[in-house]
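target_28.pdb (PDB, C-alpha atoms)
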ATOM      1  CA  MET G   1       0.000   0.000   0.000
ATOM      2  CA  ALA G   2       1.200   3.518  -0.785
ATOM      3  CA  ILE G   3      -0.173   7.042  -0.573
ATOM      4  CA  VAL G   4       1.181   9.768  -2.826
ATOM      5  CA  ALA G   5       0.490  13.475  -2.331
ATOM      6  CA  GLN G   6       1.528  15.961  -5.006
ATOM      7  CA  LEU G   7       1.435  19.750  -5.155
ATOM      8  CA  VAL G   8       1.889  21.278  -8.597
ATOM      9  CA  THR G   9       2.548  25.018  -9.076
ATOM     10  CA  ALA G  10       4.026  27.183 -11.782
ATOM     11  CA  ASN G  11       7.322  26.936  -9.911
ATOM     12  CA  GLY G  12       7.492  23.145  -9.901
ATOM     13  CA  LEU G  13       6.245  20.035  -8.137
ATOM     14  CA  GLU G  14       6.429  18.788  -4.571
ATOM     15  CA  ALA G  15       5.629  15.175  -3.749
ATOM     16  CA  ALA G  16       5.360  13.114  -0.587
ATOM     17  CA  LEU G  17       5.194   9.337  -0.366
ATOM     18  CA  GLY G  18       3.811   7.149   2.392
ATOM     19  CA  THR G  19       4.256   3.366   2.222
ATOM     20  CA  ARG G  20       4.048   0.335   4.496
ATOM     21  CA  ALA G  21       7.460  -0.792   3.287
ATOM     22  CA  ALA G  22      10.616   0.656   4.795
ATOM     23  CA  ALA G  23      12.669   3.005   2.629
ATOM     24  CA  SER G  24      15.147   1.094   0.477
ATOM     25  CA  SER G  25      18.338   1.988  -1.337
ATOM     26  CA  THR G  26      17.203  -0.372  -4.093
ATOM     27  CA  ALA G  27      14.102   1.601  -5.014
ATOM     28  CA  TRP G  28      13.196   1.914  -8.678
ATOM     29  CA  LYS G  29      13.821   5.383 -10.098
ATOM     30  CA  VAL G  30      11.691   7.330 -12.563
ATOM     31  CA  ALA G  31      12.438  10.476 -14.545
ATOM     32  CA  VAL G  32      10.489  12.546 -17.060
ATOM     33  CA  GLN G  33      12.124  14.064 -20.128
ATOM     34  CA  MET G  34      10.068  17.078 -21.185
ATOM     35  CA  PRO G  35       9.744  17.814 -24.912
ATOM     36  CA  ALA G  36      10.508  21.051 -26.721
ATOM     37  CA  PHE G  37       7.588  23.368 -27.511
ATOM     38  CA  ASP G  38       6.905  25.479 -30.587
ATOM     39  CA  GLY G  39       5.864  29.125 -30.587
ATOM     40  CA  ALA G  40       2.199  28.191 -30.186
ATOM     41  CA  GLY G  41       2.946  26.181 -27.073
ATOM     42  CA  LYS G  42       2.481  22.791 -28.746
ATOM     43  CA  MET G  43       4.840  19.903 -28.057
ATOM     44  CA  LYS G  44       7.216  19.127 -30.919
ATOM     45  CA  GLU G  45       7.489  15.500 -29.823
ATOM     46  CA  ALA G  46       6.130  13.240 -27.134
ATOM     47  CA  PRO G  47       7.561  13.409 -23.614
ATOM     48  CA  THR G  48       9.382  10.312 -22.379
ATOM     49  CA  VAL G  49       9.349   8.514 -19.042
ATOM     50  CA  LYS G  50      12.498   6.585 -18.126
ATOM     51  CA  VAL G  51      12.487   3.900 -15.429
ATOM     52  CA  THR G  52      15.870   2.910 -13.973
ATOM     53  CA  LEU G  53      16.264  -0.323 -12.049
ATOM     54  CA  PRO G  54      18.625  -0.712  -9.074
ATOM     55  CA  ASP G  55      21.398  -3.285  -8.950
ATOM     56  CA  GLY G  56      19.566  -5.275  -6.281
ATOM     57  CA  VAL G  57      16.314  -5.796  -8.177
ATOM     58  CA  THR G  58      15.083  -9.393  -8.033
ATOM     59  CA  ASP G  59      13.442 -11.544 -10.680
ATOM     60  CA  GLY G  60       9.650 -11.045 -10.657
ATOM     61  CA  GLU G  61       9.751  -7.770  -8.701
ATOM     62  CA  LYS G  62       6.886  -5.432  -9.627
ATOM     63  CA  ALA G  63       6.223  -1.711  -9.589
ATOM     64  CA  LEU G  64       3.245   0.502 -10.389
ATOM     65  CA  LEU G  65       4.009   3.218 -12.909
ATOM     66  CA  ARG G  66       1.464   6.038 -12.934
ATOM     67  CA  VAL G  67       1.873   8.925 -15.359
ATOM     68  CA  THR G  68      -0.360  11.982 -15.025
ATOM     69  CA  PHE G  69      -0.630  14.779 -17.575
ATOM     70  CA  VAL G  70      -1.944  18.106 -16.283
ATOM     71  CA  ASP G  71      -2.995  20.763 -18.800
ATOM     72  CA  GLY G  72      -3.050  24.507 -18.295
ATOM     73  CA  ASP G  73      -6.592  24.412 -16.872
ATOM     74  CA  GLY G  74      -5.754  21.816 -14.242
ATOM     75  CA  ASN G  75      -7.399  18.925 -16.081
ATOM     76  CA  GLU G  76      -5.689  15.611 -15.473
ATOM     77  CA  THR G  77      -5.221  12.514 -17.584
ATOM     78  CA  THR G  78      -3.683   9.540 -15.782
ATOM     79  CA  VAL G  79      -2.370   6.262 -17.157
ATOM     80  CA  SER G  80      -1.190   3.420 -14.921
ATOM     81  CA  ARG G  81       0.716   0.264 -15.689
ATOM     82  CA  ILE G  82       2.222  -2.573 -13.691
ATOM     83  CA  LEU G  83       5.893  -3.157 -14.555
ATOM     84  CA  THR G  84       7.452  -6.554 -13.884
ATOM     85  CA  TYR G  85      11.189  -7.236 -13.965
ATOM     86  CA  THR G  86      12.091 -10.518 -15.622
ATOM     87  CA  LYS G  87      15.704 -11.599 -15.522
ATOM     88  CA  GLU G  88      16.854 -12.526 -18.995
ATOM     89  CA  THR G  89      19.061 -15.540 -19.531
ATOM     90  CA  PRO G  90      21.639 -14.753 -22.235
ATOM     91  CA  GLN G  91      21.632 -17.029 -25.255
ATOM     92  CA  GLY G  92      24.758 -18.725 -26.531
ATOM     93  CA  GLU G  93      28.023 -19.695 -24.862
ATOM     94  CA  PRO G  94      29.527 -17.365 -22.239
ATOM     95  CA  VAL G  95      32.589 -15.475 -23.439
ATOM     96  CA  LYS G  96      35.326 -13.500 -21.718
ATOM     97  CA  VAL G  97      38.152 -11.216 -22.775
ATOM     98  CA  GLY G  98      41.111 -13.384 -23.761
ATOM     99  CA  TYR G  99      39.094 -16.159 -25.419
ATOM    100  CA  TYR G 100      40.327 -17.503 -28.760
ATOM    101  CA  TYR G 101      37.982 -16.955 -31.694
ATOM    102  CA  TYR G 102      37.774 -19.423 -34.584
ATOM    103  CA  SER G 103      36.897 -19.377 -38.262
ATOM    104  CA  ASP G 104      33.617 -21.201 -37.581
ATOM    105  CA  GLY G 105      32.414 -18.461 -35.199
ATOM    106  CA  SER G 106      33.031 -20.452 -32.026
ATOM    107  CA  TYR G 107      35.387 -19.469 -29.200
ATOM    108  CA  SER G 108      37.112 -21.051 -26.223
ATOM    109  CA  GLU G 109      39.162 -20.098 -23.194
ATOM    110  CA  SER G 110      41.992 -22.465 -24.082
ATOM    111  CA  LEU G 111      43.435 -22.641 -27.568
ATOM    112  CA  ASN G 112      41.886 -25.464 -29.593
ATOM    113  CA  SER G 113      44.516 -26.719 -32.031
ATOM    114  CA  GLN G 114      41.863 -28.637 -33.975
ATOM    115  CA  LYS G 115      40.283 -25.377 -35.130
ATOM    116  CA  THR G 116      41.540 -22.395 -37.112
ATOM    117  CA  CYS G 117      42.053 -19.461 -34.757
ATOM    118  CA  ILE G 118      41.601 -16.094 -36.469
ATOM    119  CA  GLY G 119      41.656 -13.715 -33.510
ATOM    120  CA  VAL G 120      41.398 -13.014 -29.806
ATOM    121  CA  VAL G 121      38.498 -11.423 -27.907
ATOM    122  CA  PHE G 122      39.570  -8.089 -26.377
ATOM    123  CA  TYR G 123      36.202  -6.587 -25.431
ATOM    124  CA  VAL G 124      32.909  -8.100 -24.290
ATOM    125  CA  GLY G 125      29.658  -6.152 -24.195
ATOM    126  CA  ASP G 126      27.064  -4.336 -26.289
ATOM    127  CA  VAL G 127      29.241  -3.978 -29.374
ATOM    128  CA  ALA G 128      26.543  -2.403 -31.572
ATOM    129  CA  LYS G 129      25.248   0.190 -29.104
ATOM    130  CA  ASP G 130      26.762   3.039 -31.163
ATOM    131  CA  ASP G 131      26.442   1.475 -34.597
ATOM    132  CA  GLU G 132      23.012   1.109 -36.190
ATOM    133  CA  SER G 133      24.369  -0.701 -39.241
ATOM    134  CA  LEU G 134      26.173  -3.262 -37.069
ATOM    135  CA  ARG G 135      23.007  -3.752 -35.030
ATOM    136  CA  ALA G 136      21.111  -4.421 -38.260
ATOM    137  CA  LYS G 137      23.619  -7.160 -39.100
ATOM    138  CA  LEU G 138      24.076  -8.799 -35.689
ATOM    139  CA  GLY G 139      20.781  -7.957 -33.995
ATOM    140  CA  ASN G 140      20.441  -6.564 -30.489
ATOM    141  CA  THR G 141      23.903  -7.040 -28.981
ATOM    142  CA  GLY G 142      22.632  -5.777 -25.642
ATOM    143  CA  LYS G 143      21.358  -9.354 -25.193
ATOM    144  CA  GLY G 144      23.362 -12.543 -25.095
ATOM    145  CA  TYR G 145      27.125 -12.844 -25.460
ATOM    146  CA  HIS G 146      28.928 -10.474 -27.806
ATOM    147  CA  GLY G 147      32.418  -9.106 -28.197
ATOM    148  CA  LEU G 148      35.156  -7.621 -30.354
ATOM    149  CA  VAL G 149      37.944  -9.746 -31.820
ATOM    150  CA  VAL G 150      41.355  -8.480 -32.908
ATOM    151  CA  ALA G 151      43.013 -10.036 -35.953
ATOM    152  CA  LEU G 152      46.240 -11.988 -35.515
ATOM    153  CA  LYS G 153      48.300  -9.843 -37.874
ATOM    154  CA  ASP G 154      48.658  -6.265 -39.093
ATOM    155  CA  LEU G 155      47.871  -5.005 -42.545
ATOM    156  CA  SER G 156      50.974  -3.870 -44.412
ATOM    157  CA  SER G 157      51.719  -0.218 -43.601
ATOM    158  CA  THR G 158      49.857   2.314 -45.715
ATOM    159  CA  VAL G 159      48.511   5.828 -46.036
ATOM    160  CA  TRP G 160      44.821   6.252 -45.273
ATOM    161  CA  MET G 161      43.929   8.025 -48.538
ATOM    162  CA  SER G 162      46.351   9.465 -51.085
ATOM    163  CA  LYS G 163      44.048  12.209 -52.388
ATOM    164  CA  TYR G 164      41.973  13.277 -49.412
ATOM    165  CA  LYS G 165      38.236  13.706 -49.728
ATOM    166  CA  ASP G 166      35.540  13.707 -47.075
ATOM    167  CA  VAL G 167      34.159  10.172 -47.510
ATOM    168  CA  GLY G 168      31.547  10.492 -44.763
ATOM    169  CA  VAL G 169      33.146   8.603 -41.877
ATOM    170  CA  SER G 170      32.261   9.685 -38.347
ATOM    171  CA  MET G 171      34.346  12.329 -36.596
ATOM    172  CA  ASP G 172      33.024  11.480 -33.139
ATOM    173  CA  LEU G 173      35.939  10.184 -31.059
ATOM    174  CA  ASN G 174      33.771   8.323 -28.549
ATOM    175  CA  LEU G 175      31.679   5.964 -30.646
ATOM    176  CA  MET G 176      32.325   2.282 -31.212
ATOM    177  CA  ASN G 177      31.272   2.506 -34.858
ATOM    178  CA  GLY G 178      34.187   1.248 -36.912
ATOM    179  CA  TYR G 179      31.916  -1.133 -38.803
ATOM    180  CA  ALA G 180      29.718   1.696 -40.093
ATOM    181  CA  ASN G 181      32.796   3.754 -40.999
ATOM    182  CA  THR G 182      34.337   0.865 -42.916
ATOM    183  CA  GLN G 183      31.118   0.200 -44.810
ATOM    184  CA  LYS G 184      31.142   3.842 -45.940
ATOM    185  CA  MET G 185      34.773   3.531 -46.990
ATOM    186  CA  ILE G 186      34.094   0.393 -49.024
ATOM    187  CA  ALA G 187      31.027   1.992 -50.620
ATOM    188  CA  TRP G 188      33.167   4.991 -51.604
ATOM    189  CA  ASN G 189      35.666   2.791 -53.430
ATOM    190  CA  ASN G 190      32.882   0.815 -55.104
ATOM    191  CA  ASN G 191      31.323   3.979 -56.516
ATOM    192  CA  ASP G 192      32.452   4.475 -60.118
ATOM    193  CA  ALA G 193      32.389   8.239 -59.575
ATOM    194  CA  ASN G 194      35.356   7.826 -57.217
ATOM    195  CA  ILE G 195      37.440   5.577 -59.449
ATOM    196  CA  GLY G 196      40.219   8.179 -59.653
ATOM    197  CA  ASN G 197      40.243   8.926 -55.944
ATOM    198  CA  GLN G 198      40.263   5.682 -54.001
ATOM    199  CA  ILE G 199      40.838   5.039 -50.289
ATOM    200  CA  ASP G 200      44.171   3.230 -50.134
ATOM    201  CA  ILE G 201      43.573   1.379 -46.899
ATOM    202  CA  VAL G 202      40.378  -0.215 -48.245
ATOM    203  CA  PHE G 203      42.454  -2.255 -50.705
ATOM    204  CA  LYS G 204      44.416  -3.633 -47.731
ATOM    205  CA  ILE G 205      41.203  -4.413 -45.846
ATOM    206  CA  ASN G 206      39.713  -6.274 -48.806
ATOM    207  CA  ALA G 207      42.888  -8.291 -49.369
ATOM    208  CA  PHE G 208      43.063  -9.305 -45.701
ATOM    209  CA  ALA G 209      39.387 -10.305 -45.658
ATOM    210  CA  ALA G 210      39.948 -12.505 -48.715
ATOM    211  CA  GLN G 211      43.005 -14.194 -47.171
ATOM    212  CA  TYR G 212      41.497 -14.660 -43.709
ATOM    213  CA  PRO G 213      37.731 -15.131 -44.124
ATOM    214  CA  ALA G 214      35.571 -14.166 -41.157
ATOM    215  CA  PRO G 215      32.518 -16.221 -40.112
ATOM    216  CA  LYS G 216      29.230 -15.213 -41.707
ATOM    217  CA  SER G 217      27.773 -14.940 -38.212
ATOM    218  CA  SER G 218      30.183 -12.079 -37.490
ATOM    219  CA  SER G 219      30.466  -8.531 -38.804
ATOM    220  CA  GLY G 220      33.416  -9.399 -40.998
ATOM    221  CA  TRP G 221      36.749  -7.603 -40.670
ATOM    222  CA  TYR G 222      36.711  -3.816 -40.351
ATOM    223  CA  LEU G 223      38.964  -0.903 -39.428
ATOM    224  CA  PRO G 224      38.248   0.029 -35.805
ATOM    225  CA  SER G 225      36.983   3.429 -34.748
ATOM    226  CA  ILE G 226      39.315   5.422 -32.520
ATOM    227  CA  LYS G 227      37.294   4.341 -29.455
ATOM    228  CA  GLU G 228      37.626   0.678 -30.413
ATOM    229  CA  LEU G 229      41.316   1.084 -31.270
ATOM    230  CA  SER G 230      42.092   2.824 -27.981
ATOM    231  CA  THR G 231      40.224   0.022 -26.190
ATOM    232  CA  LEU G 232      42.464  -2.503 -27.959
ATOM    233  CA  CYS G 233      45.596  -0.724 -26.765
ATOM    234  CA  SER G 234      44.674   0.810 -23.405
ATOM    235  CA  GLY G 235      41.522  -1.039 -22.353
ATOM    236  CA  TYR G 236      37.957   0.247 -22.263
ATOM    237  CA  SER G 237      37.257   3.459 -20.354
ATOM    238  CA  ASP G 238      34.153   5.606 -19.876
ATOM    239  CA  THR G 239      36.394   8.679 -19.965
ATOM    240  CA  ALA G 240      35.844  10.664 -23.155
ATOM    241  CA  LEU G 241      38.654  10.498 -25.693
ATOM    242  CA  LYS G 242      40.180  13.725 -26.937
ATOM    243  CA  ASN G 243      42.672  14.513 -29.668
ATOM    244  CA  ASP G 244      45.134  15.565 -26.988
ATOM    245  CA  TRP G 245      48.236  13.557 -27.968
ATOM    246  CA  LYS G 246      48.335  12.066 -24.457
ATOM    247  CA  ALA G 247      49.410   8.524 -23.569
ATOM    248  CA  ARG G 248      46.720   6.263 -22.108
ATOM    249  CA  GLY G 249      48.791   3.179 -21.391
ATOM    250  CA  THR G 250      49.007  -0.269 -22.945
ATOM    251  CA  THR G 251      47.085  -2.446 -20.493
ATOM    252  CA  MET G 252      45.058  -4.340 -23.103
ATOM    253  CA  ARG G 253      47.860  -4.432 -25.677
ATOM    254  CA  ASP G 254      50.076  -6.236 -23.172
ATOM    255  CA  GLN G 255      47.359  -8.767 -22.339
ATOM    256  CA  VAL G 256      46.652  -9.441 -26.019
ATOM    257  CA  LEU G 257      50.344 -10.045 -26.669
ATOM    258  CA  GLY G 258      50.312 -12.723 -23.975
ATOM    259  CA  TRP G 259      47.316 -14.431 -25.572
ATOM    260  CA  LEU G 260      48.939 -14.304 -29.015
ATOM    261  CA  LYS G 261      52.158 -16.041 -27.957
ATOM    262  CA  PRO G 262      50.762 -19.611 -28.023
ATOM    263  CA  LEU G 263      49.829 -19.050 -31.670
ATOM    264  CA  GLY G 264      53.474 -18.766 -32.704
ATOM    265  CA  SER G 265      54.094 -17.613 -36.263
ATOM    266  CA  SER G 266      50.344 -17.500 -36.966
ATOM    267  CA  ALA G 267      50.222 -14.213 -35.057
ATOM    268  CA  SER G 268      52.381 -11.105 -34.938
ATOM    269  CA  ALA G 269      53.064  -8.550 -32.221
ATOM    270  CA  PHE G 270      52.063  -4.910 -32.501
ATOM    271  CA  VAL G 271      54.614  -2.390 -33.747
ATOM    272  CA  THR G 272      55.860  -0.321 -30.794
ATOM    273  CA  SER G 273      58.662   1.800 -32.291
ATOM    274  CA  GLY G 274      59.206   4.029 -35.290
ATOM    275  CA  GLY G 275      56.533   5.742 -37.352
ATOM    276  CA  THR G 276      54.564   2.562 -37.874
ATOM    277  CA  ARG G 277      53.918   2.303 -34.124
ATOM    278  CA  PHE G 278      50.893   4.477 -34.913
ATOM    279  CA  TYR G 279      47.844   2.517 -36.043
ATOM    280  CA  TRP G 280      45.097   3.939 -38.232
ATOM    281  CA  SER G 281      41.501   4.135 -37.062
ATOM    282  CA  SER G 282      38.488   4.648 -39.308
ATOM    283  CA  THR G 283      37.562   7.880 -37.482
ATOM    284  CA  GLY G 284      38.081  11.250 -39.134
ATOM    285  CA  VAL G 285      38.924  14.405 -37.232
ATOM    286  CA  LYS G 286      39.476  17.261 -39.706
ATOM    287  CA  ALA G 287      40.321  17.818 -43.363
ATOM    288  CA  ALA G 288      43.104  15.496 -44.541
ATOM    289  CA  SER G 289      43.548  13.883 -41.107
ATOM    290  CA  HIS G 290      42.355  10.738 -39.361
ATOM    291  CA  MET G 291      42.739   9.537 -35.802
ATOM    292  CA  SER G 292      45.342   7.029 -34.667
ATOM    293  CA  VAL G 293      46.726   5.305 -31.582
ATOM    294  CA  GLY G 294      50.429   4.900 -30.846
ATOM    295  CA  PHE G 295      50.933   1.344 -29.605
ATOM    296  CA  ALA G 296      54.118   2.279 -27.771
ATOM    297  CA  ASP G 297      52.188   4.070 -25.001
ATOM    298  CA  GLY G 298      48.536   4.422 -26.041
ATOM    299  CA  THR G 299      48.806   7.980 -27.369
ATOM    300  CA  VAL G 300      45.632   9.161 -29.126
ATOM    301  CA  ARG G 301      46.265  11.727 -31.871
ATOM    302  CA  ASP G 302      45.481  12.788 -35.415
ATOM    303  CA  LEU G 303      47.743  12.032 -38.381
ATOM    304  CA  VAL G 304      47.908  13.395 -41.899
ATOM    305  CA  SER G 305      45.963  10.971 -44.063
ATOM    306  CA  ASN G 306      48.167  11.053 -47.170
ATOM    307  CA  ASP G 307      51.732  11.334 -45.845
ATOM    308  CA  ALA G 308      53.423   8.865 -48.209
ATOM    309  CA  THR G 309      56.769   9.270 -46.424
ATOM    310  CA  ASN G 310      55.213   7.976 -43.187
ATOM    311  CA  PRO G 311      52.869   5.050 -43.879
ATOM    312  CA  ARG G 312      51.169   3.707 -40.737
ATOM    313  CA  SER G 313      50.105   0.341 -39.400
ATOM    314  CA  ALA G 314      46.571  -1.035 -39.132
ATOM    315  CA  ARG G 315      45.034  -3.997 -37.287
ATOM    316  CA  LEU G 316      41.502  -5.068 -38.168
ATOM    317  CA  ILE G 317      38.805  -6.242 -35.785
ATOM    318  CA  LEU G 318      35.436  -7.948 -36.078
ATOM    319  CA  ALA G 319      32.305  -8.055 -33.931
ATOM    320  CA  PHE G 320      30.135 -11.045 -33.035
TER     321      PHE G 320
END
Can you give me the file's structure in the form of C-alpha cells?
Amino acid sequence: MAIVAQLVTANGLEAALGTRAAASSTAWKVAVQMPAFDGAGKMKEAPTVKVTLPDGVTDGEKALLRVTFVDGDGNETTVSRILTYTKETPQGEPVKVGYYYYSDGSYSESLNSQKTCIGVVFYVGDVAKDDESLRAKLGNTGKGYHGLVVALKDLSSTVWMSKYKDVGVSMDLNLMNGYANTQKMIAWNNNDANIGNQIDIVFKINAFAAQYPAPKSSSGWYLPSIKELSTLCSGYSDTALKNDWKARGTTMRDQVLGWLKPLGSSASAFVTSGGTRFYWSSTGVKAASHMSVGFADGTVRDLVSNDATNPRSARLILAF
C-alpha cells in the first residue's frame, strides 16, 4: 500500500510518499524528459518517461508506474501500468576477454589446435550500441554474449587516402562505430564516380578479408573506430577520448600479446617503435587527417591521411 500526495505550481512540483514498506536503497527510479515546444505552445514530440532499475532488483519484482498529464486548466489525464522485472538468460556460450575466436564463429578459453584461430576477444559487451548498421547485421547485442575480436596480424603499412576527400566517416571520437565507418569507406571505393580517388587502406582491408575469411555470423573484418582502437591498446574506459596527444597506457595491448604467444608464427606482435607504431583508425577528425593510436604508449592523436613518407600500421577487428 502507498499514498502519494503531489502539489503542482508554476514553480514546480512537490511530492510526498507514504508506504508500508521501509525506505530502500534499491528503489526503482523514474524520470520525465520534457519535450521542446513550438511558438504556439504545442509539443514538438512526445515526452518520455524513463524507469531505472537498481542493482539489487530481483526476478519477478513489480512496480506501479502512474503517469499523469496536467494541462493549463488543471485537467488531469492519468495512465497506470504494472511493470514486472524478468531476468533474462543470455543465449549462446559465455565469453570472456582473452578467449580464442575461430573461423567457424566459435570461441574457447583455451586454444583449440583442432580449429583455425583467427583472432582473440579483447572486449565483451554491447558492441553495436553506437552502430546502427552493425546492429542491423548482428541484432540486439545488448542481449546474449557479444564481443570484439582483434586479428592476428597487421595489414601492411599504408597511407589512409592518397588524395583526401571527405568520404563520410564519423568524426566522433567516442563511438564504437568502426563497422559503419568501414562500410562507408568500401562503398566509396565501389562507386564508379570515385574511381580516380580511391581510399588506399580499403584495398588492404579487402585483401586481408579474402586471405582470412571471417565467419558469416560475425560482422566481418573492419577498421576500428578510434574508441575501439584505444580500447584494444589501453583497455575500455568511460572517460571521453580527446585529440590531446596524451598517452593512455598499454594495459590491453600487453594482455593481447600474452594471448597471441601460443599461436606462434600465426600471429604477430604490434609495432611499438618508429613511425609505424601508430595505427590507423576509421575515425576522421578534420580535413586530410584521421585519428590514430600509438601502440608504444597508447597515445591518441590525429595524423595526416596522405603522408606517403610515413605510412602507418593497421590492425583489423570484427564483432560477433
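Reported to one decimal place, the separation of CA of Gly105 in chain G from CA of Leu134 in chain G is 16.5 Å.
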Can you find the residues with an atom no farther than 10 Å from (32.0, 12.0, -50.2), counting only C-alpha atoms, and report them as a PDB file with C-alpha atoms, keeping the file's coordinate frame?
ATOM      1  CA  LYS G 165      38.236  13.706 -49.728  1.00  0.00           C
ATOM      2  CA  ASP G 166      35.540  13.707 -47.075  1.00  0.00           C
ATOM      3  CA  VAL G 167      34.159  10.172 -47.510  1.00  0.00           C
ATOM      4  CA  GLY G 168      31.547  10.492 -44.763  1.00  0.00           C
ATOM      5  CA  VAL G 169      33.146   8.603 -41.877  1.00  0.00           C
ATOM      6  CA  LYS G 184      31.142   3.842 -45.940  1.00  0.00           C
ATOM      7  CA  MET G 185      34.773   3.531 -46.990  1.00  0.00           C
ATOM      8  CA  TRP G 188      33.167   4.991 -51.604  1.00  0.00           C
ATOM      9  CA  ASN G 194      35.356   7.826 -57.217  1.00  0.00           C
TER      10      ASN G 194
END
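With all atoms listed in the file as the atoms that count, the minimum distance from Arg135 in chain G to the choices G:Ala319, G:Asp244, G:Ala27, G:Leu223 is reached by G:Ala319.
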**Request:** Would you kindly return, as number ranges by chain, each protein, DNA or RNA residue with an atom no farther than 12 Å from any atom of range 149-151 of chain G, considering only C-alpha atoms and excluding same-chain residues fewer than 6 positions away?
**Result:** G: 95-103, 105-107, 117-125, 127, 205, 208-209, 211-215, 218-224, 228-229, 231-233, 252-253, 256-257, 259-260, 266-270, 314-320
Could the residues in this selection be written to a file with C-alpha atoms, as a compact mmCIF listing (two decimals), keeping the file's coordinate frame?
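Result written to part.txt:
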# COMPACT_ATOMS: atom_id res chain seq x y z
CA VAL G 95 32.59 -15.48 -23.44
CA LYS G 96 35.33 -13.50 -21.72
CA VAL G 97 38.15 -11.22 -22.78
CA GLY G 98 41.11 -13.38 -23.76
CA TYR G 99 39.09 -16.16 -25.42
CA TYR G 100 40.33 -17.50 -28.76
CA TYR G 101 37.98 -16.95 -31.69
CA TYR G 102 37.77 -19.42 -34.58
CA SER G 103 36.90 -19.38 -38.26
CA GLY G 105 32.41 -18.46 -35.20
CA SER G 106 33.03 -20.45 -32.03
CA TYR G 107 35.39 -19.47 -29.20
CA CYS G 117 42.05 -19.46 -34.76
CA ILE G 118 41.60 -16.09 -36.47
CA GLY G 119 41.66 -13.72 -33.51
CA VAL G 120 41.40 -13.01 -29.81
CA VAL G 121 38.50 -11.42 -27.91
CA PHE G 122 39.57 -8.09 -26.38
CA TYR G 123 36.20 -6.59 -25.43
CA VAL G 124 32.91 -8.10 -24.29
CA GLY G 125 29.66 -6.15 -24.20
CA VAL G 127 29.24 -3.98 -29.37
CA ILE G 205 41.20 -4.41 -45.85
CA PHE G 208 43.06 -9.30 -45.70
CA ALA G 209 39.39 -10.30 -45.66
CA GLN G 211 43.00 -14.19 -47.17
CA TYR G 212 41.50 -14.66 -43.71
CA PRO G 213 37.73 -15.13 -44.12
CA ALA G 214 35.57 -14.17 -41.16
CA PRO G 215 32.52 -16.22 -40.11
CA SER G 218 30.18 -12.08 -37.49
CA SER G 219 30.47 -8.53 -38.80
CA GLY G 220 33.42 -9.40 -41.00
CA TRP G 221 36.75 -7.60 -40.67
CA TYR G 222 36.71 -3.82 -40.35
CA LEU G 223 38.96 -0.90 -39.43
CA PRO G 224 38.25 0.03 -35.80
CA GLU G 228 37.63 0.68 -30.41
CA LEU G 229 41.32 1.08 -31.27
CA THR G 231 40.22 0.02 -26.19
CA LEU G 232 42.46 -2.50 -27.96
CA CYS G 233 45.60 -0.72 -26.76
CA MET G 252 45.06 -4.34 -23.10
CA ARG G 253 47.86 -4.43 -25.68
CA VAL G 256 46.65 -9.44 -26.02
CA LEU G 257 50.34 -10.04 -26.67
CA TRP G 259 47.32 -14.43 -25.57
CA LEU G 260 48.94 -14.30 -29.02
CA SER G 266 50.34 -17.50 -36.97
CA ALA G 267 50.22 -14.21 -35.06
CA SER G 268 52.38 -11.10 -34.94
CA ALA G 269 53.06 -8.55 -32.22
CA PHE G 270 52.06 -4.91 -32.50
CA ALA G 314 46.57 -1.03 -39.13
CA ARG G 315 45.03 -4.00 -37.29
CA LEU G 316 41.50 -5.07 -38.17
CA ILE G 317 38.80 -6.24 -35.78
CA LEU G 318 35.44 -7.95 -36.08
CA ALA G 319 32.30 -8.06 -33.93
CA PHE G 320 30.14 -11.04 -33.03
**Prompt:** Got a sec: who's within 12 Å of Gly196 in chain G, counting all atoms listed in the file, leaving out chain neighbours fewer than 5 positions off, as a list of chain:residue names?
**Reply:** G:Met161, G:Ser162, G:Lys163, G:Tyr164, G:Lys165, G:Trp188, G:Asn189, G:Asn190, G:Asn191
**Request:** Report the residues retrieved by the PyMOL selection byres ((chain G and resi 287-295) around 9) from the displayed file, expressed as a VMD selection string.
**Result:** chain G and resid 160 to 161 163 to 166 171 173 225 to 226 229 to 230 233 to 234 243 247 249 to 250 253 270 to 273 275 to 286 296 to 306
**Asked** By how many Å are CA of Ala240 in chain G and CA of Asp130 in chain G apart?
**Response** 14.3 Å
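Here CA of Leu65 in chain G is placed at a distance of 5.2 Å from CA of Arg81 in chain G.
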**Who sits within 9 Å of Leu83 in chain G, only C-alpha atoms, same chain under 2 positions skipped, as a list in words** =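 Near Leu83 in chain G, the qualifying residues are Glu61, Lys62, Ala63, Leu64, Leu65, Arg81 and Tyr85 of chain G.
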**Request:** Go through G:Lys153, G:His146, G:Lys29, G:Lys216 one by one, measure the shortest atom-to-atom distance of each to Asp104 in chain G using only C-alpha atoms, and give the residue with the smallest value.
**Result:**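 Going through G:Lys153, G:His146, G:Lys29, G:Lys216 one by one, the smallest distance to Asp104 in chain G is for G:Lys216.
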**Request:** Kindly indicate which residue among G:Val70, G:Ile82, G:Pro35, G:Phe203 lies nearest to Ser157 in chain G, using only C-alpha atoms for the distances.
**Result:**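 Closest to Ser157 in chain G, using only C-alpha atoms: G:Phe203.
Restricting the calculation to all atoms listed in the file, the smallest distance between Gln255 in chain G and any of G:Ser170, G:Asn75, G:Gly235, G:Ala187 is found for G:Gly235.
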**Message:** Quick one: residues within 8 Å of Asp126 in chain G, all atoms listed in the file, excluding same-chain residues fewer than 6 positions away - as a PyMOL selection string?
**Reply:** chain G and resi 141-143+146-147
